[in-house]
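*Asks:* Quick one: this structure, given as structure tokens, is what I'll be asking you about.
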Amino acid sequence: MAVLLLSGILPFLLSFYPPLGFWKNFKALFFSIGIIVIVFGGWDMFAAWRGHWYFDRRGVCGVWLFNLPLEEWLFFVVVPFCCIFTWEALKFIKGKGR
Amino acid sequence: MKEYTLLAAGSLVLVFLADRLTQVRLLKKKLFYFFLLVILGFKFLVNGYLTGEGIVLYNRSFFLGARAGSIPLEDFIFGFSMVSLAVIFWEFFKGRKR
């Protein structure tokens with residue numbers, strides 16, 4: 001859980017940096033993350049069900065949604081968010097360099 | 001059966017298809033590969049920790065068994081697909097609004 005919070009907080013704060021205009025596309029962000037949650041959440045549920053991998057109960061907070069820990073679900077929200085943010089940030093930096 | 005390996009391969013097909021169908025053509029952009037490198041760095045940090053500490057455990061019979069450090073090879077494909085799809089859909093939805 002701590003790992004998750006740590007990785008999410010910096011991009012989240014930076015996403016309010018106005019020149020990026022990040023939140024103007026809230027809908028696009030919402031839909032993209034939604035698709036990731038469904039596709040990869042589905043994959044993960046299948047994998048956990050089949051036993052491709054499993055989670056050590058000592059490493060998670062103990063809240064489970066279906067057969068996955070809460071952290072895993074949040075992971076599917078935080079990671080796409082961070083990635084999209086990083087992508088926009090890189091495009092922004094590159095644009096400035098020109 | 002190496003189900004995780006198969007699913008990972010399938011997800012690659014999904015990325016190529018999504019990239020084509022949405023006309024985003026992310027895979028043709030140079031910046032995207034730089035972006036992947038940046039994300040890869042973070043992946044080693046987070047995924048390495050989770051697999052190294054044994055918070056996520058893998059069943060040997062479902063993946064090839066090759067690892068980079070503690071991270072199974074298939075995890076990199078899972079990550080690549082998830083990251084790519086997130087950005088592809090983000091670009092797609094963002095572009096449609098305009």
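All residue names refer to the structure tokens as shown: chains lettered A, B, ... in order, residues numbered from 1 in each chain, ligands numbered from 1 in order.
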For chain B, work out the contacting residues on chain A at 9 Å, counting only C-alpha atoms, and write them as a VMD selection string.
*Replies:* chain A and resid 3 to 4 7 25 27 to 33 35 to 36 39 to 40 43 47 51 to 60 76 79 to 81 83 to 84 86 to 87 90 to 91 94
*Asks:* Identify, with DSSP run on backbone atoms, the residues in stretch 14-98 of chain A assigned to strand (DSSP E), and express the list as a ChimeraX atom specification.
*Replies:* /A:53-55,64-65,68-69
*Asks:* Mind writing the picked residues with C-alpha atoms as a PDB file, in the first residue's frame?
*Replies:*
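Saved file selection.pdb follows:
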ATOM      1  CA  TRP A  53       0.342 -15.808  -9.284  1.00  0.00           C
ATOM      2  CA  TYR A  54      -0.865 -15.088  -5.811  1.00  0.00           C
ATOM      3  CA  PHE A  55      -0.487 -12.430  -3.158  1.00  0.00           C
ATOM      4  CA  TRP A  64     -10.248  -7.855  -1.019  1.00  0.00           C
ATOM      5  CA  LEU A  65     -12.485  -7.120  -3.961  1.00  0.00           C
ATOM      6  CA  LEU A  68      -7.866  -9.510  -5.739  1.00  0.00           C
ATOM      7  CA  PRO A  69      -6.473  -7.305  -2.977  1.00  0.00           C
TER       8      PRO A  69
END
*Asks:* Could you check how far atom CA of A:Val77 sits from atom CA of A:Gly34, in Å to one decimal?
*Replies:*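 For atom CA of A:Val77 relative to atom CA of A:Gly34, the distance reads 8.0 Å.
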*Asks:* My list of candidates is A:Phe85, A:Phe66, A:Ile38, A:Arg50. Which is closest to B:Met1 when distances are computed with only C-alpha atoms?
*Replies:* A:Arg50
*Asks:* One decimal, Å: what's the distance from atom CA of A:Leu74 over to atom CA of B:Leu6, could you say?
*Replies:*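 We find that atom CA of A:Leu74 and atom CA of B:Leu6 lie 25.2 Å from each other.
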*Asks:* To one decimal in Å, tell me the separation between atom CA of B:Phe16 and atom CA of B:Phe80.
*Replies:*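 For atom CA of B:Phe16 relative to atom CA of B:Phe80, the distance reads 11.6 Å.
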*Asks:* Find the spatial neighbours of A:Asn67, counting only C-alpha atoms, within a cut-off of 8 Å - ignore same-chain residues fewer than 6 positions away - and output them as a compact mmCIF listing (two decimals) with N, CA and C atoms, in the first residue's frame.
*Replies:*
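Output file out_23.txt is given in full below:
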# COMPACT_ATOMS: atom_id res chain seq x y z
N MET A 45 -7.79 -11.16 -12.48
CA MET A 45 -8.73 -12.02 -11.77
C MET A 45 -8.60 -13.46 -12.27
N ALA A 48 -5.25 -14.89 -11.03
CA ALA A 48 -5.28 -15.22 -9.60
C ALA A 48 -6.16 -16.45 -9.37
N TRP A 49 -7.20 -16.56 -10.17
CA TRP A 49 -8.10 -17.70 -10.04
C TRP A 49 -7.42 -18.99 -10.48
